[in-house]
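Student: Contents are TSV, C-alpha atoms and all ligand atoms; file name protein_15.tsv:
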chain	number	residue	atom	x	y	z
A	1	MET	CA	0.00	0.00	0.00
A	2	ALA	CA	1.01	3.62	-0.16
A	3	SER	CA	-1.43	6.44	0.34
A	4	LEU	CA	-0.95	10.15	0.20
A	5	PRO	CA	-2.45	11.51	3.39
A	6	ASN	CA	-1.19	14.62	5.07
A	7	GLY	CA	-1.98	16.63	8.15
A	8	ALA	CA	-1.38	16.14	11.80
A	9	ALA	CA	-2.09	13.61	14.51
A	10	ALA	CA	-1.59	14.33	18.18
A	11	THR	CA	1.57	13.09	19.85
A	12	GLY	CA	2.22	12.49	23.51
A	13	SER	CA	5.07	14.02	25.47
A	14	SER	CA	6.69	10.66	26.27
A	15	GLY	CA	8.15	10.07	22.82
A	16	ALA	CA	5.73	7.26	22.08
A	17	PRO	CA	2.92	8.95	20.18
A	18	ALA	CA	-0.52	9.18	21.78
A	19	VAL	CA	-2.47	8.94	18.58
A	20	ASP	CA	-5.77	10.77	18.34
A	21	LYS	CA	-7.90	8.16	16.56
A	22	GLU	CA	-10.32	10.61	15.01
A	23	VAL	CA	-7.53	12.72	13.58
A	24	ASP	CA	-5.76	9.61	12.34
A	25	PHE	CA	-8.96	8.48	10.65
A	26	ALA	CA	-9.47	11.83	8.95
A	27	ASN	CA	-5.87	12.05	7.76
A	28	TYR	CA	-4.87	8.48	7.07
A	29	PHE	CA	-7.58	5.87	6.81
A	30	CYS	CA	-10.00	7.94	4.75
A	31	THR	CA	-8.05	7.48	1.53
A	32	TYR	CA	-8.35	3.70	1.79
A	33	ALA	CA	-12.13	3.87	1.77
A	34	TYR	CA	-12.01	4.71	-1.97
A	35	LEU	CA	-12.09	1.91	-4.53
A	36	TYR	CA	-9.93	3.97	-6.86
A	37	HIS	CA	-7.13	3.79	-4.31
A	38	GLN	CA	-7.57	0.06	-3.69
A	39	LYS	CA	-7.58	-0.41	-7.47
A	40	GLU	CA	-4.25	1.40	-7.77
A	41	MET	CA	-2.73	-1.22	-5.48
A	42	LEU	CA	-4.60	-4.06	-7.21
A	43	CYS	CA	-3.13	-2.90	-10.55
A	44	ASP	CA	0.46	-3.02	-9.29
A	45	ARG	CA	1.52	-6.22	-11.06
A	46	VAL	CA	4.81	-6.63	-9.21
A	47	ARG	CA	3.00	-6.38	-5.88
A	48	MET	CA	0.15	-8.66	-6.99
A	49	ASP	CA	2.41	-11.31	-8.53
A	50	ALA	CA	4.59	-11.44	-5.42
A	51	TYR	CA	1.68	-11.92	-2.97
A	52	HIS	CA	-0.09	-14.31	-5.34
A	53	SER	CA	3.04	-16.47	-5.69
A	54	ALA	CA	3.75	-16.23	-1.98
A	55	VAL	CA	0.32	-17.66	-1.15
A	56	PHE	CA	-0.17	-20.23	-3.89
A	57	ARG	CA	3.39	-21.58	-4.03
A	58	ASN	CA	3.20	-22.03	-0.27
A	59	ALA	CA	-0.31	-23.44	-0.12
A	60	PRO	CA	0.71	-25.91	2.64
A	61	HIS	CA	1.06	-22.91	4.95
A	62	PHE	CA	-2.58	-22.07	4.28
A	63	ARG	CA	-4.29	-25.42	3.78
A	64	GLY	CA	-6.58	-26.12	6.74
A	65	LYS	CA	-5.11	-23.16	8.64
A	66	VAL	CA	-6.50	-20.05	10.36
A	67	VAL	CA	-5.34	-16.80	8.77
A	68	LEU	CA	-5.53	-13.14	9.84
A	69	ASP	CA	-5.34	-10.52	7.08
A	70	VAL	CA	-4.36	-7.20	8.68
A	71	GLY	CA	-5.88	-4.37	6.64
A	72	THR	CA	-7.76	-6.46	4.11
A	73	GLY	CA	-8.86	-3.48	1.95
A	74	SER	CA	-10.72	-5.00	-1.00
A	75	GLY	CA	-10.24	-8.44	0.56
A	76	ILE	CA	-7.84	-9.73	-2.07
A	77	LEU	CA	-5.29	-11.39	0.25
A	78	ALA	CA	-8.05	-12.94	2.35
A	79	ILE	CA	-9.75	-14.38	-0.74
A	80	TRP	CA	-6.46	-15.82	-2.02
A	81	SER	CA	-5.82	-17.35	1.41
A	82	ALA	CA	-9.25	-19.02	1.25
A	83	GLN	CA	-8.64	-20.22	-2.32
A	84	ALA	CA	-5.32	-21.70	-1.15
A	85	GLY	CA	-7.26	-23.82	1.32
A	86	ALA	CA	-7.46	-21.88	4.58
A	87	ARG	CA	-10.07	-23.20	7.01
A	88	LYS	CA	-10.88	-19.70	8.28
A	89	VAL	CA	-9.72	-16.19	7.38
A	90	TYR	CA	-10.30	-13.19	9.63
A	91	ALA	CA	-10.11	-10.16	7.35
A	92	VAL	CA	-9.83	-6.99	9.41
A	93	GLU	CA	-10.33	-3.60	7.80
A	94	ALA	CA	-10.70	-0.23	9.52
A	95	THR	CA	-12.59	1.60	6.79
A	96	ASP	CA	-15.93	1.12	5.04
A	97	MET	CA	-13.98	-0.80	2.39
A	98	ALA	CA	-14.85	-3.72	4.69
A	99	GLU	CA	-18.33	-3.81	3.12
A	100	HIS	CA	-16.85	-4.16	-0.38
A	101	ALA	CA	-14.52	-6.90	0.88
A	102	ARG	CA	-17.53	-8.77	2.30
A	103	GLU	CA	-19.35	-8.46	-1.02
A	104	LEU	CA	-16.30	-9.65	-2.94
A	105	ALA	CA	-15.85	-12.69	-0.70
A	106	ARG	CA	-19.53	-13.55	-1.23
A	107	ALA	CA	-19.31	-13.09	-5.01
A	108	ASN	CA	-16.23	-15.32	-5.14
A	109	GLY	CA	-17.81	-18.12	-3.16
A	110	VAL	CA	-15.63	-17.90	-0.04
A	111	ALA	CA	-17.98	-16.05	2.34
A	112	ASP	CA	-18.15	-19.15	4.55
A	113	ILE	CA	-14.38	-18.96	5.09
A	114	VAL	CA	-13.59	-15.23	4.94
A	115	GLU	CA	-15.04	-13.32	7.86
A	116	VAL	CA	-14.66	-9.59	7.31
A	117	ILE	CA	-14.49	-7.62	10.53
A	118	GLN	CA	-14.69	-3.84	10.36
A	119	GLY	CA	-12.52	-2.13	12.95
A	120	THR	CA	-8.89	-1.41	13.69
A	121	VAL	CA	-6.83	-4.52	14.31
A	122	GLU	CA	-5.76	-2.98	17.62
A	123	ASP	CA	-9.37	-3.17	18.82
A	124	VAL	CA	-10.79	-6.38	17.35
A	125	VAL	CA	-11.26	-9.51	19.38
A	126	LEU	CA	-10.91	-12.81	17.52
A	127	PRO	CA	-12.41	-16.06	18.78
A	128	GLU	CA	-9.13	-17.94	18.29
A	129	LYS	CA	-5.40	-17.59	17.64
A	130	VAL	CA	-4.14	-17.78	14.07
A	131	ASP	CA	-1.51	-19.81	12.17
A	132	VAL	CA	-0.71	-17.14	9.60
A	133	ILE	CA	-0.74	-13.34	9.54
A	134	ILE	CA	-0.77	-11.90	6.06
A	135	SER	CA	-0.66	-8.18	5.45
A	136	GLU	CA	0.39	-5.63	2.88
A	137	TRP	CA	1.53	-2.91	5.25
A	138	MET	CA	4.45	-1.34	3.41
A	139	GLY	CA	4.46	2.40	2.73
A	140	TYR	CA	6.86	4.56	0.77
A	141	PHE	CA	10.43	3.70	1.78
A	142	LEU	CA	8.89	0.83	3.75
A	143	LEU	CA	8.03	2.57	6.98
A	144	ARG	CA	6.01	5.62	5.94
A	145	GLU	CA	2.45	5.25	7.29
A	146	SER	CA	3.80	3.27	10.29
A	147	MET	CA	1.30	0.51	9.57
A	148	PHE	CA	3.74	-2.19	10.61
A	149	ASP	CA	3.00	-1.08	14.21
A	150	SER	CA	-0.50	-2.51	13.71
A	151	VAL	CA	0.87	-5.76	12.32
A	152	ILE	CA	3.16	-6.09	15.36
A	153	CYS	CA	0.19	-5.50	17.63
A	154	ALA	CA	-1.85	-8.15	15.77
A	155	ARG	CA	1.06	-10.61	15.87
A	156	ASP	CA	1.61	-10.20	19.60
A	157	ARG	CA	-2.07	-10.63	20.33
A	158	TRP	CA	-3.17	-13.31	17.87
A	159	LEU	CA	-0.34	-15.30	16.28
A	160	LYS	CA	0.23	-18.83	17.62
A	161	PRO	CA	3.78	-19.43	18.94
A	162	ASP	CA	4.67	-21.44	15.80
A	163	GLY	CA	2.77	-19.11	13.48
A	164	VAL	CA	4.08	-17.59	10.27
A	165	MET	CA	4.26	-14.01	9.00
A	166	TYR	CA	3.55	-13.11	5.35
A	167	PRO	CA	5.86	-11.34	4.53
A	168	SER	CA	8.47	-12.62	6.94
A	169	HIS	CA	11.34	-10.18	6.36
A	170	ALA	CA	11.86	-6.62	5.11
A	171	ARG	CA	14.88	-4.49	4.20
A	172	MET	CA	15.50	-0.83	3.43
A	173	TRP	CA	18.09	0.20	0.85
A	174	LEU	CA	19.99	3.40	0.07
A	175	ALA	CA	21.92	4.07	-3.15
A	176	PRO	CA	23.82	6.93	-4.84
A	177	ILE	CA	22.03	8.19	-7.96
A	178	ARG	CA	22.16	10.75	-10.78
A	179	THR	CA	19.01	12.70	-11.58
A	180	GLY	CA	17.86	16.04	-12.94
A	181	LEU	CA	15.03	16.22	-10.41
A	182	GLY	CA	16.92	18.67	-8.19
A	183	ASP	CA	17.25	21.20	-11.02
A	184	LYS	CA	13.58	20.78	-11.85
A	185	LYS	CA	12.57	21.32	-8.23
A	186	MET	CA	14.82	24.42	-8.01
A	187	GLU	CA	13.08	25.82	-11.12
A	188	ASP	CA	9.64	25.10	-9.62
A	189	PHE	CA	10.71	26.82	-6.42
A	190	ASP	CA	11.94	29.92	-8.31
A	191	ILE	CA	8.67	30.06	-10.28
A	192	ALA	CA	6.66	29.85	-7.04
A	193	MET	CA	8.68	32.71	-5.50
A	194	ASP	CA	8.40	34.89	-8.67
A	195	ASP	CA	4.66	34.34	-8.55
A	196	TRP	CA	4.59	35.35	-4.88
A	197	ASN	CA	6.52	38.56	-5.63
A	198	LEU	CA	3.97	39.49	-8.31
A	199	PHE	CA	1.18	38.73	-5.85
A	200	VAL	CA	2.80	41.07	-3.27
A	201	GLU	CA	3.02	43.87	-5.86
A	202	ASP	CA	-0.59	43.36	-7.04
A	203	THR	CA	-2.03	43.21	-3.53
A	204	GLN	CA	-0.28	46.46	-2.63
A	205	ALA	CA	-1.43	48.12	-5.86
A	206	TYR	CA	-5.07	46.95	-5.87
A	207	TYR	CA	-5.89	46.48	-2.21
A	208	GLY	CA	-3.45	48.74	-0.32
A	209	VAL	CA	-1.94	46.04	1.90
A	210	ASN	CA	1.74	45.13	1.83
A	211	MET	CA	2.12	41.36	2.05
A	212	ASN	CA	5.89	41.46	2.09
A	213	ALA	CA	6.00	40.74	5.82
A	214	LEU	CA	4.98	37.17	4.92
A	215	THR	CA	7.59	36.62	2.20
A	216	LYS	CA	10.05	34.92	4.53
A	217	ALA	CA	7.40	32.50	5.82
A	218	TYR	CA	6.19	31.78	2.27
A	219	ARG	CA	9.77	31.11	1.19
A	220	SER	CA	10.40	28.63	3.97
A	221	GLU	CA	7.05	26.89	3.32
A	222	ASN	CA	8.02	26.46	-0.33
A	223	GLU	CA	11.58	25.45	0.47
A	224	LYS	CA	10.21	22.63	2.55
A	225	TYR	CA	7.78	21.61	-0.18
A	226	TYR	CA	10.07	21.81	-3.22
A	227	LEU	CA	13.57	21.34	-1.87
A	228	LYS	CA	13.43	19.51	1.43
A	229	SER	CA	10.78	16.89	0.77
A	230	SER	CA	11.77	13.55	-0.67
A	231	ILE	CA	10.46	12.97	-4.19
A	232	TRP	CA	8.57	9.95	-5.51
A	233	ASN	CA	10.15	8.64	-8.68
A	234	ASN	CA	10.40	5.45	-10.69
A	235	LEU	CA	14.12	5.47	-11.41
A	236	HIS	CA	15.85	3.62	-14.23
A	237	PRO	CA	18.58	1.25	-13.00
A	238	ASN	CA	21.21	3.20	-14.97
A	239	GLN	CA	20.56	6.20	-12.73
A	240	VAL	CA	22.13	4.23	-9.89
A	241	ILE	CA	25.83	5.18	-10.03
A	242	GLY	CA	27.23	2.99	-7.29
A	243	GLN	CA	26.59	0.23	-4.88
A	244	ALA	CA	23.35	0.18	-2.88
A	245	ALA	CA	23.51	-0.67	0.81
A	246	VAL	CA	21.06	-2.16	3.26
A	247	ILE	CA	20.30	0.30	6.06
A	248	LYS	CA	17.70	-1.71	7.96
A	249	GLU	CA	16.62	-5.32	8.23
A	250	ILE	CA	13.41	-6.37	9.89
A	251	ASP	CA	12.42	-9.85	10.98
A	252	CYS	CA	8.63	-9.54	10.98
A	253	LEU	CA	8.28	-12.37	13.47
A	254	THR	CA	10.34	-10.71	16.19
A	255	ALA	CA	10.57	-6.94	15.49
A	256	THR	CA	9.14	-4.59	18.13
A	257	VAL	CA	7.78	-1.08	17.64
A	258	ASP	CA	10.91	0.23	19.37
A	259	ASP	CA	13.02	-1.49	16.71
A	260	ILE	CA	11.32	0.44	13.92
A	261	ARG	CA	10.53	3.77	15.58
A	262	GLU	CA	13.89	5.11	14.45
A	263	VAL	CA	16.28	4.00	11.74
A	264	ARG	CA	19.95	4.93	12.05
A	265	ALA	CA	22.73	3.68	9.82
A	266	GLN	CA	26.17	4.53	8.56
A	267	VAL	CA	27.15	3.12	5.17
A	268	MET	CA	29.90	3.48	2.58
A	269	LEU	CA	28.56	3.73	-0.97
A	270	PRO	CA	31.26	2.98	-3.56
A	271	ILE	CA	30.85	4.78	-6.91
A	272	SER	CA	31.04	2.53	-9.94
A	273	LEU	CA	30.61	5.00	-12.83
A	274	ASP	CA	33.32	7.12	-14.46
A	275	GLU	CA	32.48	10.82	-14.12
A	276	ALA	CA	29.03	11.21	-12.63
A	277	ARG	CA	27.17	13.85	-10.70
A	278	LEU	CA	25.96	12.47	-7.42
A	279	ALA	CA	22.76	14.50	-7.17
A	280	ALA	CA	20.77	12.45	-4.71
A	281	LEU	CA	20.41	9.29	-2.72
A	282	ALA	CA	17.53	6.95	-3.46
A	283	GLY	CA	15.69	4.80	-0.97
A	284	TRP	CA	13.60	1.70	-1.57
A	285	PHE	CA	12.73	-1.60	0.08
A	286	ASP	CA	12.20	-5.28	-0.49
A	287	VAL	CA	10.27	-7.87	1.47
A	288	HIS	CA	10.61	-11.64	1.50
A	289	PHE	CA	8.21	-14.48	2.11
A	290	ARG	CA	10.35	-17.15	3.72
A	291	GLY	CA	8.01	-18.61	6.29
A	292	SER	CA	9.68	-19.22	9.64
A	293	LYS	CA	12.50	-21.41	10.94
A	294	GLN	CA	10.02	-24.07	12.10
A	295	ASN	CA	7.83	-23.64	9.03
A	296	PRO	CA	10.05	-22.62	6.13
A	297	ALA	CA	8.45	-21.61	2.85
A	298	VAL	CA	8.17	-24.25	0.15
A	299	GLU	CA	9.39	-21.58	-2.22
A	300	GLU	CA	10.80	-18.25	-1.07
A	301	VAL	CA	9.22	-15.27	-2.82
A	302	GLU	CA	10.60	-11.72	-3.04
A	303	LEU	CA	8.83	-8.40	-3.61
A	304	ASN	CA	11.45	-5.92	-4.71
A	305	THR	CA	10.86	-2.20	-5.30
A	306	ALA	CA	14.38	-1.36	-6.57
A	307	PRO	CA	14.79	0.66	-9.81
A	308	ASN	CA	13.70	-1.61	-12.61
A	309	GLU	CA	13.77	-1.14	-16.39
A	310	ARG	CA	10.43	-2.94	-16.69
A	311	GLY	CA	8.60	-0.13	-14.90
A	312	GLY	CA	8.57	-0.84	-11.18
A	313	THR	CA	5.85	-0.56	-8.59
A	314	HIS	CA	3.40	2.01	-7.25
A	315	TRP	CA	5.90	2.57	-4.42
A	316	GLY	CA	8.58	3.73	-6.87
A	317	GLN	CA	11.62	4.97	-5.01
A	318	GLN	CA	12.13	7.99	-2.78
A	319	VAL	CA	14.70	10.50	-4.00
A	320	PHE	CA	16.60	12.50	-1.38
A	321	LEU	CA	18.29	15.51	-3.01
A	322	LEU	CA	21.82	16.34	-1.93
A	323	LYS	CA	22.62	20.04	-1.75
A	324	PRO	CA	25.13	20.58	-3.17
A	325	PRO	CA	25.55	17.65	-5.59
A	326	LEU	CA	29.06	16.16	-5.81
A	327	LYS	CA	31.26	15.31	-8.80
A	328	VAL	CA	32.32	11.72	-8.36
A	329	THR	CA	34.30	9.10	-10.28
A	330	ARG	CA	34.79	5.36	-10.14
A	331	GLY	CA	36.67	4.33	-7.03
A	332	ASP	CA	35.37	7.20	-4.90
A	333	SER	CA	33.13	6.37	-1.95
A	334	VAL	CA	30.45	8.35	-0.22
A	335	LYS	CA	30.10	7.87	3.48
A	336	VAL	CA	26.49	8.43	4.52
A	337	SER	CA	25.13	8.72	8.03
A	338	PHE	CA	21.39	8.40	7.96
A	339	SER	CA	18.70	8.88	10.53
A	340	MET	CA	14.94	8.69	10.22
A	341	VAL	CA	12.52	9.44	13.02
A	342	ARG	CA	8.76	9.89	13.06
A	343	SER	CA	7.48	13.41	12.60
A	344	LYS	CA	6.35	14.99	15.88
A	345	GLU	CA	3.14	16.27	14.26
A	346	ASN	CA	2.16	13.01	12.55
A	347	HIS	CA	3.58	9.63	13.54
A	348	ARG	CA	2.91	8.25	10.05
A	349	LEU	CA	5.35	10.70	8.39
A	350	MET	CA	9.13	10.78	8.74
A	351	ASP	CA	11.88	13.34	9.36
A	352	MET	CA	15.26	12.37	7.99
A	353	GLU	CA	18.79	13.62	8.18
A	354	PHE	CA	21.66	12.73	5.85
A	355	THR	CA	25.31	13.54	6.48
A	356	TYR	CA	27.42	12.77	3.41
A	357	GLU	CA	31.12	12.88	2.99
A	358	LEU	CA	33.08	12.21	-0.21
A	359	HIS	CA	36.17	10.02	0.10
A	360	GLU	CA	38.07	10.28	-3.17
A	361	PHE	CA	39.94	7.33	-4.65
A	362	SER	CA	43.14	9.43	-4.27
A	363	GLY	CA	42.64	9.48	-0.51
A	364	LYS	CA	41.41	13.08	-0.40
A	365	GLN	CA	38.52	13.48	2.04
A	366	HIS	CA	35.92	16.25	1.69
A	367	PRO	CA	34.11	17.95	4.56
A	368	ALA	CA	30.86	16.38	5.72
A	369	ILE	CA	27.61	18.05	4.63
A	370	THR	CA	24.31	17.62	6.47
A	371	THR	CA	20.88	17.80	4.78
A	372	LYS	CA	17.46	17.44	6.37
A	373	MET	CA	14.65	15.84	4.41
A	374	TYR	CA	10.98	15.14	5.04
A	375	LEU	CA	9.08	12.07	3.88
A	376	GLU	CA	5.54	13.44	3.70
B	1	LIG	N1	-4.66	-5.98	1.80
B	1	LIG	C1	-5.12	-5.10	0.74
B	1	LIG	C2	-5.06	-3.61	1.16
B	1	LIG	C3	-3.68	-3.09	1.54
B	1	LIG	S1	-3.69	-1.38	1.92
B	1	LIG	C4	-4.30	-5.36	-0.49
B	1	LIG	O1	-3.24	-5.96	-0.37
B	1	LIG	O2	-4.70	-4.95	-1.57
B	1	LIG	C5	-3.76	-1.40	3.67
B	1	LIG	C6	-5.16	-1.49	4.23
B	1	LIG	O3	-5.03	-1.64	5.64
B	1	LIG	C7	-6.02	-0.26	4.03
B	1	LIG	O4	-7.25	-0.64	3.48
B	1	LIG	C8	-6.18	0.35	5.43
B	1	LIG	O5	-7.44	0.96	5.62
B	1	LIG	C9	-6.02	-0.89	6.30
B	1	LIG	N2	-5.48	-0.63	7.65
B	1	LIG	C10	-4.37	0.08	7.98
B	1	LIG	N3	-4.15	0.05	9.30
B	1	LIG	C11	-5.15	-0.70	9.84
B	1	LIG	C12	-5.49	-1.08	11.17
B	1	LIG	N4	-4.74	-0.68	12.19
B	1	LIG	N5	-6.58	-1.84	11.37
B	1	LIG	C13	-7.36	-2.24	10.31
B	1	LIG	N6	-7.10	-1.89	9.03
B	1	LIG	C14	-6.01	-1.14	8.79
What does this structure look like when you write it as structure tokens?
Tutor:
Amino acid sequence: MASLPNGAAATGSSGAPAVDKEVDFANYFCTYAYLYHQKEMLCDRVRMDAYHSAVFRNAPHFRGKVVLDVGTGSGILAIWSAQAGARKVYAVEATDMAEHARELARANGVADIVEVIQGTVEDVVLPEKVDVIISEWMGYFLLRESMFDSVICARDRWLKPDGVMYPSHARMWLAPIRTGLGDKKMEDFDIAMDDWNLFVEDTQAYYGVNMNALTKAYRSENEKYYLKSSIWNNLHPNQVIGQAAVIKEIDCLTATVDDIREVRAQVMLPISLDEARLAALAGWFDVHFRGSKQNPAVEEVELNTAPNERGGTHWGQQVFLLKPPLKVTRGDSVKVSFSMVRSKENHRLMDMEFTYELHEFSGKQHPAITTKMYLE
């Protein structure tokens, strides 16, 4: 999944967010109540093929078993689980999409197996523990939307001790890339500021009020929007100019909310292209369906959202602009310190900081530069 909500949810003073449910519903869940949004996910072939293979190539994990689908949306994963032979599927969905899921299960002849329950998974009470938890919880750059928190909650409450998670593992990646997106964003920013300056002149001329006192605030609002927010893009693999590195690995069976609340990593990214402009870093993720140690998958399946010449996924990649860009050549390395924490205003959005430092092949080391970025 990957929705585009924005706005604020309340946070507590303790660090762990005290989420205001109504605000969260208005800002986050509402988008998932639209079929057009569910359809966008259902049309993502890479996503669909991965989950479909994961279920049907591992049918023994489902046959005769009890399954919980966290965030069933249209019901697709619950229906597949039933078709693969599950004895019972609890399909939990917070939004009114639950009604559509119910209808779809009926129309596909699995209403006796798929029980759709409308509510948040944090609140529902199931009559029994489950053998499998399946969920498509991944947001942009894996953790945006913080939905994995809900999967952890469901796992701790309802998964049997020898139960299996679908997916079972997740990883976040960072890579050095070349892109013209920074120049484009700079142009857009300049256009927005030129337009503001005209607006200030016009408002003074026609209405006798000088708006210039707000120019600084307008500038910083637009800087955040155009220059400091990460950018969604489906990159071509040849835009990646060096080695990608894993910055986070998650074992879905054991991870806690504390493990994912913050991501911190330090990586060396070797450059593999002669003469390139390192304009940004790109972030993406993959997840794996491996079953568990006791119950390994018959066939391991991967869902990968890396740059791909065949088009990619609805998640694309996130582009983090580096200001300034660096001239790099083969043999150079970029040392990156990365941190990502949840935004104070909205726990489903992320604040990031990158410190990057060029180590030339010759041994020359450049000063470290720090850039803040928002994943909104
Ligand atoms: N499983 C579907 C939908 C994935 S999108 C598919 O693969 O196509 C994620 C869905 O989870 C959304 O419909 C959203 O409303 C729901 N969701 C997110 N957090 C939830 C929670 N805590 N409890 C119940 N549903 C949730």
Student: As a tab-separated table (two decimals) with C-alpha atoms, in the coordinates of the input, please: the residues near Gln239 in chain A (cut-off 10 Å, all atoms listed in the file, same-chain neighbours under 4 positions excluded).
Tutor:
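The result, stored in part-v2.tsv:
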chain	number	residue	atom	x	y	z
A	175	ALA	CA	21.92	4.07	-3.15
A	176	PRO	CA	23.82	6.93	-4.84
A	177	ILE	CA	22.03	8.19	-7.96
A	178	ARG	CA	22.16	10.75	-10.78
A	179	THR	CA	19.01	12.70	-11.58
A	235	LEU	CA	14.12	5.47	-11.41
A	276	ALA	CA	29.03	11.21	-12.63
A	278	LEU	CA	25.96	12.47	-7.42
A	282	ALA	CA	17.53	6.95	-3.46
A	307	PRO	CA	14.79	0.66	-9.81
Student: How many Å separate CA of Gly75 in chain A from atom N1 of ligand LIG 1 (chain B)?
Tutor: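 It comes out at 6.2 Å.
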Student: So how far away is atom C1 of ligand LIG 1 (chain B) from CA of Ala306 in chain A, in Å?
Tutor: 21.2 Å
Student: Tell me, as JSON, numbers by chain, which residues lie within 12 Å of range 130-133 of chain A, counting only C-alpha atoms; anything in the same chain fewer than 6 positions away does not count.
Tutor: {"A": [55, 58, 59, 60, 61, 62, 63, 64, 65, 66, 67, 68, 69, 70, 71, 72, 77, 78, 81, 86, 87, 88, 89, 90, 91, 92, 121, 150, 151, 152, 153, 154, 155, 156, 157, 158, 159, 160, 161, 162, 163, 164, 165, 166, 167, 168, 252, 253, 289, 291, 292, 295]}
Student: Would you list the contacts of Phe338 in chain A as a PyMOL selection string, taking every protein, DNA or RNA residue within 8 Å and counting all atoms listed in the file, but skipping same-chain residues closer than 3 positions in sequence?
Tutor: chain A and resi 263-266+352-355
Student: Using all atoms listed in the file for the distances, tell me which of A:Ala107, A:Ala84, A:Met268, A:Ala26 is nearest to ligand LIG 1 (chain B).
Tutor: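 Going through A:Ala107, A:Ala84, A:Met268, A:Ala26 one by one, the smallest distance to ligand LIG 1 (chain B) is for A:Ala26.
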Student: For Asp188 in chain A, work out the shell of residues within 12 Å, counting all atoms listed in the file and skipping chain neighbours fewer than 3 positions away, then give it as a list in words.
Tutor: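 In the requested format, the answer is Leu181, Gly182, Asp183, Lys184, Lys185, Ile191, Ala192, Met193, Asp194, Asp195, Asn222, Glu223, Tyr225, Tyr226 and Leu227 of chain A.
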Student: What does the distance from CA of Ile79 in chain A to CA of Ala101 in chain A come to in Å, to one decimal?
Tutor: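 Between CA of Ile79 in chain A and CA of Ala101 in chain A the gap is 9.0 Å.
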Student: So that I can check the surroundings of range 321-324 of chain A, please list as a list of chain:residue names every protein, DNA and RNA residue that reaches within 7 Å of it, counting all atoms listed in the file and ignoring chain neighbours fewer than 5 positions away.
Tutor: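 In the requested form, the answer reads A:Gly182, A:Ala279, A:Ala280, A:Leu281, A:Thr371.
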Student: I'd like to know which of A:Arg144, A:Arg277, A:His359, A:Lys129 is closest to ligand LIG 1 (chain B), using only C-alpha atoms and all ligand atoms.
Tutor: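 So, comparing all the options, the nearest one is A:Arg144.
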Student: Measuring between all atoms listed in the file, which one of A:Met186, A:Ala297, A:Ala170, A:Ile117 shows the shortest distance to Lys224 in chain A?
Tutor: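 Using all atoms listed in the file, the shortest distance to Lys224 in chain A belongs to A:Met186.
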Student: Around all the atoms of ligand LIG 1 (chain B) listed in the file, with 6 Å of room on each side, what axis-aligned box do you get, giving centre and edge lengths in Å to one decimal, as AutoDock Vina command-line options?
Tutor:
--center_x -5.3 --center_y -2.5 --center_z 5.3 --size_x 16.2 --size_y 18.9 --size_z 25.8
Student: Go through A:Phe29, A:Trp173, A:Trp196, A:Tyr218 one by one, measure the shortest atom-to-atom distance of each to ligand LIG 1 (chain B) using only C-alpha atoms and all ligand atoms, and give the residue with the smallest value.
Tutor: A:Phe29
Student: From the list A:Ile271, A:Met373, A:Ala205, A:Val125, which residue is nearest Val328 in chain A when using only C-alpha atoms?
Tutor: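 For Val328 in chain A, the nearest of the candidates is A:Ile271.
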Student: Which residue, A:Asn212, A:Thr203, A:Ser333, A:Thr313, has the smallest gap to Gln243 in chain A when you use all atoms listed in the file?
Tutor: A:Ser333
